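Next comes work-v4.txt, a file with compact mmCIF, C-alpha atoms.
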```txt
# COMPACT_ATOMS: atom_id res chain seq x y z
CA MET R 1 -17.17 -23.50 -25.47
CA ASP R 2 -15.51 -26.49 -23.83
CA ILE R 3 -13.86 -26.74 -20.44
CA VAL R 4 -10.17 -27.65 -20.75
CA VAL R 5 -8.87 -29.71 -17.83
CA LYS R 6 -5.14 -30.36 -17.57
CA GLY R 7 -2.73 -31.62 -14.98
CA ARG R 8 0.58 -30.11 -14.00
CA LYS R 9 3.03 -32.87 -13.11
CA THR R 10 0.08 -35.16 -12.34
CA GLU R 11 -2.42 -37.32 -14.20
CA VAL R 12 -6.07 -36.23 -14.27
CA PRO R 13 -8.52 -39.17 -14.09
CA GLU R 14 -11.48 -39.22 -16.46
CA ARG R 15 -13.81 -39.37 -13.48
CA PHE R 16 -12.49 -36.04 -12.25
CA ARG R 17 -12.88 -34.47 -15.70
CA LYS R 18 -16.56 -35.44 -15.70
CA HIS R 19 -16.96 -34.05 -12.21
CA VAL R 20 -15.48 -30.73 -13.37
CA ALA R 21 -18.04 -30.55 -16.20
CA GLU R 22 -20.85 -31.21 -13.73
CA LYS R 23 -19.52 -28.73 -11.18
CA LEU R 24 -18.81 -25.86 -13.56
CA LYS R 25 -22.18 -25.44 -15.23
CA LEU R 26 -21.58 -23.40 -18.38
CA ASP R 27 -25.15 -22.12 -18.50
CA LYS R 28 -24.80 -20.81 -14.94
CA ILE R 29 -21.46 -19.14 -15.71
CA GLN R 30 -22.86 -17.54 -18.87
CA LYS R 31 -25.64 -15.96 -16.83
CA PHE R 32 -22.95 -13.93 -15.10
CA ASP R 33 -20.81 -13.43 -18.21
CA GLY R 34 -22.25 -14.15 -21.63
CA LYS R 35 -18.99 -13.40 -23.42
CA VAL R 36 -16.85 -16.19 -22.01
CA ILE R 37 -14.08 -17.24 -24.43
CA SER R 38 -12.39 -20.06 -22.54
CA LEU R 39 -12.47 -21.86 -19.20
CA ASP R 40 -9.33 -23.72 -18.09
CA VAL R 41 -8.95 -25.92 -15.04
CA GLU R 42 -5.44 -26.89 -13.93
CA VAL R 43 -4.81 -29.55 -11.31
CA SER R 44 -1.48 -29.92 -9.49
CA LYS R 45 -0.24 -32.00 -6.58
CA GLU R 46 2.20 -31.13 -3.82
CA PRO R 47 4.47 -34.16 -3.16
CA ASN R 48 5.62 -32.92 0.26
CA PRO R 49 3.94 -35.18 2.89
CA ARG R 50 3.97 -32.31 5.38
CA GLN R 51 1.45 -30.55 3.13
CA ALA R 52 -0.96 -33.46 2.98
CA ASP R 53 -3.95 -31.34 3.99
CA ARG R 54 -3.21 -29.00 1.07
CA SER R 55 -1.62 -31.45 -1.33
CA ASP R 56 -4.10 -30.98 -4.20
CA ARG R 57 -4.49 -27.58 -5.85
CA VAL R 58 -7.06 -26.55 -8.45
CA GLU R 59 -6.77 -23.32 -10.42
CA ILE R 60 -9.65 -22.09 -12.59
CA THR R 61 -9.03 -19.42 -15.22
CA LEU R 62 -11.92 -17.78 -17.06
CA ARG R 63 -11.17 -15.59 -20.06
CA SER R 64 -13.76 -13.36 -21.68
CA ARG R 65 -13.89 -10.03 -23.45
CA GLY R 66 -13.54 -8.41 -20.05
CA PRO R 67 -10.86 -8.94 -17.41
CA VAL R 68 -9.48 -12.42 -16.73
CA ILE R 69 -11.01 -13.98 -13.63
CA ARG R 70 -8.97 -16.57 -11.74
CA ALA R 71 -9.74 -18.62 -8.64
CA GLU R 72 -7.61 -21.24 -6.93
CA ALA R 73 -7.77 -23.36 -3.81
CA ALA R 74 -5.91 -26.21 -2.14
CA ALA R 75 -7.26 -29.10 -0.08
CA GLY R 76 -6.56 -32.68 0.91
CA ASP R 77 -8.09 -34.05 -2.31
CA PRO R 78 -8.82 -32.55 -5.75
CA TYR R 79 -12.61 -32.73 -5.35
CA ALA R 80 -12.57 -30.59 -2.21
CA ALA R 81 -10.14 -28.17 -3.85
CA LEU R 82 -12.44 -27.91 -6.88
CA ASP R 83 -15.43 -27.11 -4.64
CA LEU R 84 -13.50 -24.31 -2.93
CA ALA R 85 -12.16 -22.86 -6.18
CA THR R 86 -15.62 -22.99 -7.80
CA GLY R 87 -17.10 -21.08 -4.89
CA LYS R 88 -14.46 -18.37 -5.23
CA LEU R 89 -15.00 -18.18 -8.99
CA GLU R 90 -18.76 -17.77 -8.64
CA ALA R 91 -18.32 -15.05 -6.01
CA ARG R 92 -15.97 -13.11 -8.27
CA LEU R 93 -18.25 -13.57 -11.29
CA ARG R 94 -21.19 -12.31 -9.27
CA LYS R 95 -19.21 -9.30 -8.10
CA GLN R 96 -18.12 -8.48 -11.65
CA HIS R 97 -21.69 -8.94 -12.91
CA ASP R 98 -23.13 -6.65 -10.23
CA LYS R 99 -20.53 -4.03 -11.08
CA ARG R 100 -21.51 -4.04 -14.76
CA TYR R 101 -25.18 -4.11 -13.81
CA SER R 102 -24.90 -0.98 -11.68
CA ARG R 103 -22.88 0.80 -14.38
CA ARG R 104 -25.62 0.25 -16.94
CA GLY R 105 -28.01 2.14 -14.68
CA ASN R 106 -30.13 -0.83 -13.63
CA GLY R 107 -30.96 -1.11 -9.99
CA ARG R 108 -30.61 2.64 -9.51
CA LEU R 109 -30.19 3.94 -5.99
CA SER R 110 -32.51 6.51 -4.51
CA ALA R 111 -31.12 9.91 -3.65
CA ALA R 112 -31.34 9.08 0.04
CA GLU R 113 -29.22 5.92 -0.45
CA VAL R 114 -26.37 7.40 -2.46
CA GLY R 115 -24.64 8.90 0.56
CA ASP R 116 -24.58 5.50 2.29
CA VAL R 117 -23.07 3.68 -0.69
CA VAL R 118 -20.67 6.22 -2.19
CA PRO R 119 -18.37 7.96 0.33
CA GLY R 120 -17.67 11.64 -0.02
CA VAL R 121 -20.82 12.60 -1.93
CA ALA R 122 -23.64 14.95 -0.96
CA SER R 123 -26.21 13.57 1.50
CA PHE R 124 -29.96 13.67 0.99
CA ASP R 125 -32.85 13.28 3.42
CA GLU R 126 -35.88 11.00 3.01
CA ASP R 127 -37.59 13.55 0.74
CA GLY R 128 -34.59 13.77 -1.55
CA GLU R 129 -33.63 17.21 -0.29
CA LEU R 130 -29.96 18.11 -0.05
CA VAL R 131 -28.68 18.06 3.51
CA GLY R 132 -26.27 20.90 4.22
CA GLU R 133 -22.83 20.09 5.51
CA GLN R 134 -22.30 20.41 9.21
CA PRO R 135 -19.86 23.19 10.04
CA SER R 136 -16.56 21.71 11.10
CA ALA R 137 -15.12 22.68 14.45
CA ALA R 138 -12.39 25.27 14.31
CA VAL R 139 -8.92 23.76 14.58
CA PRO R 140 -6.89 25.52 17.29
CA THR R 141 -3.62 27.08 16.18
CA THR R 142 -0.67 27.41 18.53
CA LYS R 143 2.38 29.60 18.00
CA VAL R 144 5.56 27.61 18.70
CA GLY R 145 8.65 29.69 18.12
CA SER R 146 8.46 30.89 14.51
CA LEU R 147 6.00 28.12 13.52
CA GLU R 148 2.24 27.85 13.70
CA VAL R 149 1.03 24.40 14.78
CA GLN R 150 -2.58 23.40 14.03
CA GLY R 151 -4.36 21.00 16.35
CA GLU R 152 -2.68 19.01 19.08
CA GLY R 153 0.32 17.90 17.09
CA PRO R 154 3.22 16.03 18.73
CA LEU R 155 5.64 18.84 17.88
CA VAL R 156 7.71 19.92 20.89
CA MET R 157 10.06 22.75 20.11
CA ARG R 158 12.34 25.16 21.96
CA GLU R 159 13.86 28.09 20.17
CA LYS R 160 17.10 29.78 21.23
CA THR R 161 19.04 32.69 19.77
CA HIS R 162 22.73 33.24 20.53
CA THR R 163 24.97 36.19 19.71
CA ALA R 164 28.58 35.30 18.95
CA ALA R 165 31.49 36.71 17.02
CA PRO R 166 33.02 34.69 14.14
CA MET R 167 35.80 32.41 15.32
CA ALA R 168 38.44 30.04 14.01
CA LEU R 169 37.97 26.29 13.95
CA ASP R 170 40.36 25.60 16.83
CA GLN R 171 38.53 28.18 18.98
CA ALA R 172 35.20 26.48 18.19
CA LEU R 173 36.63 23.15 19.34
CA TYR R 174 37.86 24.77 22.52
CA GLU R 175 34.44 26.35 23.16
CA MET R 176 32.74 22.96 22.58
CA GLU R 177 34.96 21.33 25.19
CA LEU R 178 34.20 24.14 27.63
CA VAL R 179 30.44 23.65 27.43
CA GLY R 180 30.76 19.84 27.42
CA HIS R 181 28.58 19.32 24.34
CA ASP R 182 29.02 16.88 21.46
CA PHE R 183 28.61 19.65 18.87
CA TYR R 184 29.07 23.40 18.64
CA LEU R 185 27.52 25.85 16.18
CA PHE R 186 29.63 28.84 15.09
CA VAL R 187 30.42 31.17 12.19
CA ASP R 188 33.80 30.41 10.64
CA SER R 189 35.93 33.59 10.68
CA GLU R 190 37.79 32.50 7.53
CA THR R 191 34.90 31.43 5.29
CA LYS R 192 32.11 33.46 6.98
CA GLU R 193 29.94 30.33 6.69
CA PRO R 194 27.72 28.84 9.43
CA SER R 195 29.54 25.73 10.62
CA VAL R 196 29.25 22.94 13.17
CA VAL R 197 32.05 21.05 14.87
CA TYR R 198 31.12 17.72 16.46
CA ARG R 199 32.68 14.87 18.36
CA ARG R 200 33.06 11.63 16.41
CA HIS R 201 35.05 9.05 18.39
CA ALA R 202 37.15 9.72 21.50
CA TYR R 203 39.24 12.80 20.58
CA ASP R 204 38.36 12.63 16.87
CA TYR R 205 36.29 15.56 15.57
CA GLY R 206 34.36 16.53 12.45
CA VAL R 207 33.24 19.81 10.95
CA ILE R 208 30.31 20.69 8.65
CA HIS R 209 30.17 23.94 6.71
CA LEU R 210 26.86 25.27 5.38
CA ARG R 211 27.21 27.12 2.09
CA THR R 212 24.30 29.06 0.57
CA ASP R 213 23.41 28.08 -2.99
CA PRO R 214 20.57 30.11 -4.62
CA LEU R 215 20.15 27.46 -7.31
CA ALA R 216 19.30 24.85 -4.67
CA ALA R 217 16.56 26.95 -3.06
CA ASP R 218 13.76 24.93 -4.67
CA GLU R 219 15.26 21.53 -3.89
CA ALA R 220 13.96 19.54 -0.96
CA GLY R 221 16.33 18.51 1.80
CA GLY R 222 19.69 20.22 2.08
CA ALA R 223 22.45 19.99 4.62
CA GLY R 224 20.16 19.63 7.59
CA GLY R 225 20.79 15.92 8.07
CA ALA R 226 22.01 14.21 11.20
CA LEU R 227 25.56 14.66 12.33
CA GLY R 228 27.85 11.70 11.77
CA GLY R 229 30.29 10.09 9.40
```
Just give me the structure as structure tokens.
Amino acid sequence: MDIVVKGRKTEVPERFRKHVAEKLKLDKIQKFDGKVISLDVEVSKEPNPRQADRSDRVEITLRSRGPVIRAEAAAGDPYAALDLATGKLEARLRKQHDKRYSRRGNGRLSAAEVGDVVPGVASFDEDGELVGEQPSAAVPTTKVGSLEVQGEGPLVMREKTHTAAPMALDQALYEMELVGHDFYLFVDSETKEPSVVYRRHAYDYGVIHLRTDPLAADEAGGAGGALGG
């Protein structure tokens, strides 16, 4: 397998190509992944003078029978960028190698170590005995109106019940003005539906009627949105 070095909108000197071959030791890479298919190195240059400290970028792409591994870095010259990208590539190869190594069963963990490495599994003591779970503290439950709130939730609620006869829309508007509120809940005497009148702008009003639909019982949401429009 050869290393392919190419430039994107820039020329790649022969000296740099040789340096790439010396830096990316194939025998070292194949120790981490013996099924490497290709190794491409792409060099590009940023012409913007304001990016002089990151003007040269090197991207290394390794393809094998497993996932593609890519590492890139930018620096003030291509040699420094290559050093940084190579370091990232080796770290990712090592991580991928260790992952395969542990999956094959090599380097097995002791029973006492599993709980420290894998979250959410059973814990064992030094003798390999299963450690029982600690009983969790009871979560206090508070009755708030018709709801039960567990723990110290931020829910603040006040429940009120009013008795009122059905009324016409103009009466509901009159009642709203009397109490000085921006909305008023009532039962419409004509439709027998729960309704809300609300103030929109100046002396402009709106009304919302709530109609029961058995087919919509399983749907989330409903007409309980904010007033407006």
Neighbours of Val207 of chain R within 8 Å (all atoms listed in the file; same-chain residues fewer than 6 positions away dropped), as a PyMOL selection string?
chain R and resi 195-198
Name the residues in contact with Glu193 of chain R at a cut-off of 10 Å, using only C-alpha atoms, excluding same-chain residues fewer than 5 positions from it; report them as a ChimeraX atom specification.
/R:166,186-188,208-212
So the first atom is atom CA of Lys23 of chain R and the second is atom CA of Tyr79 of chain R; what is the distance between them in Å, to one decimal place?
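Going from atom CA of Lys23 of chain R over to atom CA of Tyr79 of chain R covers 9.9 Å.
Considering the residues R:Asp27, R:Glu90, R:Asp33, R:Glu42 and counting only C-alpha atoms, Arg57 of chain R has its shortest atom-to-atom contact with R:Glu42.
Across R:Val68, R:Val20, R:Ala52, R:Val58, the tightest approach to Leu93 of chain R is made by R:Val68 when counting all atoms listed in the file.
Pairwise distance (atom CA of Thr141 of chain R, atom CA of Thr161 of chain R) equals 23.6 Å.
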Because the input lacks atoms here, generate all heavy atoms for segment 85-96 of chain R and report them as an mmCIF file, in the frame of the given file.
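Final output, saved to part_5.cif:
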```
data_model
loop_
_atom_site.group_PDB
_atom_site.id
_atom_site.type_symbol
_atom_site.label_atom_id
_atom_site.label_comp_id
_atom_site.auth_asym_id
_atom_site.auth_seq_id
_atom_site.Cartn_x
_atom_site.Cartn_y
_atom_site.Cartn_z
ATOM 1 N N ALA R 85 -12.505 -23.755 -5.072
ATOM 2 C CA ALA R 85 -12.160 -22.860 -6.180
ATOM 3 C C ALA R 85 -13.404 -22.420 -6.939
ATOM 4 O O ALA R 85 -13.515 -21.269 -7.357
ATOM 5 C CB ALA R 85 -11.179 -23.556 -7.127
ATOM 6 N N THR R 86 -14.369 -23.337 -7.110
ATOM 7 C CA THR R 86 -15.620 -22.990 -7.800
ATOM 8 C C THR R 86 -16.390 -21.942 -7.031
ATOM 9 O O THR R 86 -16.957 -21.008 -7.608
ATOM 10 C CB THR R 86 -16.481 -24.249 -7.994
ATOM 11 O OG1 THR R 86 -15.748 -25.221 -8.746
ATOM 12 C CG2 THR R 86 -17.758 -23.909 -8.737
ATOM 13 N N GLY R 87 -16.415 -22.081 -5.714
ATOM 14 C CA GLY R 87 -17.100 -21.080 -4.890
ATOM 15 C C GLY R 87 -16.479 -19.706 -5.031
ATOM 16 O O GLY R 87 -17.177 -18.698 -5.127
ATOM 17 N N LYS R 88 -15.153 -19.655 -5.055
ATOM 18 C CA LYS R 88 -14.460 -18.370 -5.230
ATOM 19 C C LYS R 88 -14.745 -17.785 -6.607
ATOM 20 O O LYS R 88 -14.971 -16.570 -6.748
ATOM 21 C CB LYS R 88 -12.958 -18.557 -5.051
ATOM 22 C CG LYS R 88 -12.528 -18.892 -3.635
ATOM 23 C CD LYS R 88 -11.011 -19.053 -3.560
ATOM 24 C CE LYS R 88 -10.541 -19.393 -2.159
ATOM 25 N NZ LYS R 88 -9.064 -19.549 -2.088
ATOM 26 N N LEU R 89 -14.746 -18.652 -7.630
ATOM 27 C CA LEU R 89 -15.000 -18.180 -8.990
ATOM 28 C C LEU R 89 -16.394 -17.583 -9.112
ATOM 29 O O LEU R 89 -16.582 -16.500 -9.683
ATOM 30 C CB LEU R 89 -14.829 -19.326 -9.984
ATOM 31 C CG LEU R 89 -15.098 -18.961 -11.451
ATOM 32 C CD1 LEU R 89 -13.989 -18.054 -11.977
ATOM 33 C CD2 LEU R 89 -15.215 -20.224 -12.305
ATOM 34 N N GLU R 90 -17.384 -18.270 -8.563
ATOM 35 C CA GLU R 90 -18.760 -17.770 -8.640
ATOM 36 C C GLU R 90 -18.915 -16.450 -7.904
ATOM 37 O O GLU R 90 -19.624 -15.545 -8.360
ATOM 38 C CB GLU R 90 -19.718 -18.819 -8.082
ATOM 39 C CG GLU R 90 -19.841 -20.060 -8.952
ATOM 40 C CD GLU R 90 -20.792 -21.088 -8.366
ATOM 41 O OE1 GLU R 90 -21.281 -20.868 -7.237
ATOM 42 O OE2 GLU R 90 -21.037 -22.112 -9.030
ATOM 43 N N ALA R 91 -18.238 -16.305 -6.763
ATOM 44 C CA ALA R 91 -18.320 -15.050 -6.010
ATOM 45 C C ALA R 91 -17.713 -13.908 -6.807
ATOM 46 O O ALA R 91 -18.265 -12.794 -6.838
ATOM 47 C CB ALA R 91 -17.611 -15.208 -4.668
ATOM 48 N N ARG R 92 -16.612 -14.167 -7.485
ATOM 49 C CA ARG R 92 -15.970 -13.110 -8.270
ATOM 50 C C ARG R 92 -16.768 -12.789 -9.524
ATOM 51 O O ARG R 92 -16.848 -11.630 -9.947
ATOM 52 C CB ARG R 92 -14.543 -13.524 -8.618
ATOM 53 C CG ARG R 92 -13.643 -13.526 -7.392
ATOM 54 C CD ARG R 92 -12.313 -14.211 -7.606
ATOM 55 N NE ARG R 92 -11.607 -14.324 -6.332
ATOM 56 C CZ ARG R 92 -10.470 -14.976 -6.166
ATOM 57 N NH1 ARG R 92 -9.910 -15.593 -7.194
ATOM 58 N NH2 ARG R 92 -9.894 -15.028 -4.975
ATOM 59 N N LEU R 93 -17.378 -13.819 -10.135
ATOM 60 C CA LEU R 93 -18.250 -13.570 -11.290
ATOM 61 C C LEU R 93 -19.458 -12.738 -10.887
ATOM 62 O O LEU R 93 -19.869 -11.827 -11.613
ATOM 63 C CB LEU R 93 -18.705 -14.907 -11.883
ATOM 64 C CG LEU R 93 -17.728 -15.631 -12.797
ATOM 65 C CD1 LEU R 93 -18.231 -17.038 -13.105
ATOM 66 C CD2 LEU R 93 -17.511 -14.850 -14.089
ATOM 67 N N ARG R 94 -20.028 -13.060 -9.750
ATOM 68 C CA ARG R 94 -21.190 -12.310 -9.270
ATOM 69 C C ARG R 94 -20.827 -10.861 -8.983
ATOM 70 O O ARG R 94 -21.581 -9.934 -9.318
ATOM 71 C CB ARG R 94 -21.753 -12.975 -8.014
ATOM 72 C CG ARG R 94 -23.070 -12.383 -7.537
ATOM 73 C CD ARG R 94 -23.618 -13.136 -6.340
ATOM 74 N NE ARG R 94 -24.010 -14.495 -6.701
ATOM 75 C CZ ARG R 94 -23.330 -15.584 -6.365
ATOM 76 N NH1 ARG R 94 -22.208 -15.476 -5.657
ATOM 77 N NH2 ARG R 94 -23.748 -16.777 -6.708
ATOM 78 N N LYS R 95 -19.657 -10.659 -8.392
ATOM 79 C CA LYS R 95 -19.210 -9.300 -8.100
ATOM 80 C C LYS R 95 -18.989 -8.499 -9.382
ATOM 81 O O LYS R 95 -19.383 -7.341 -9.492
ATOM 82 C CB LYS R 95 -17.909 -9.352 -7.285
ATOM 83 C CG LYS R 95 -17.364 -7.992 -6.898
ATOM 84 C CD LYS R 95 -16.097 -8.140 -6.065
ATOM 85 C CE LYS R 95 -15.543 -6.798 -5.662
ATOM 86 N NZ LYS R 95 -14.299 -6.932 -4.845
ATOM 87 N N GLN R 96 -18.355 -9.142 -10.382
ATOM 88 C CA GLN R 96 -18.120 -8.480 -11.650
ATOM 89 C C GLN R 96 -19.429 -8.184 -12.364
ATOM 90 O O GLN R 96 -19.615 -7.120 -12.965
ATOM 91 C CB GLN R 96 -17.223 -9.367 -12.535
ATOM 92 C CG GLN R 96 -16.818 -8.750 -13.863
ATOM 93 C CD GLN R 96 -15.851 -7.595 -13.698
ATOM 94 O OE1 GLN R 96 -15.268 -7.423 -12.622
ATOM 95 N NE2 GLN R 96 -15.691 -6.799 -14.733
#
```
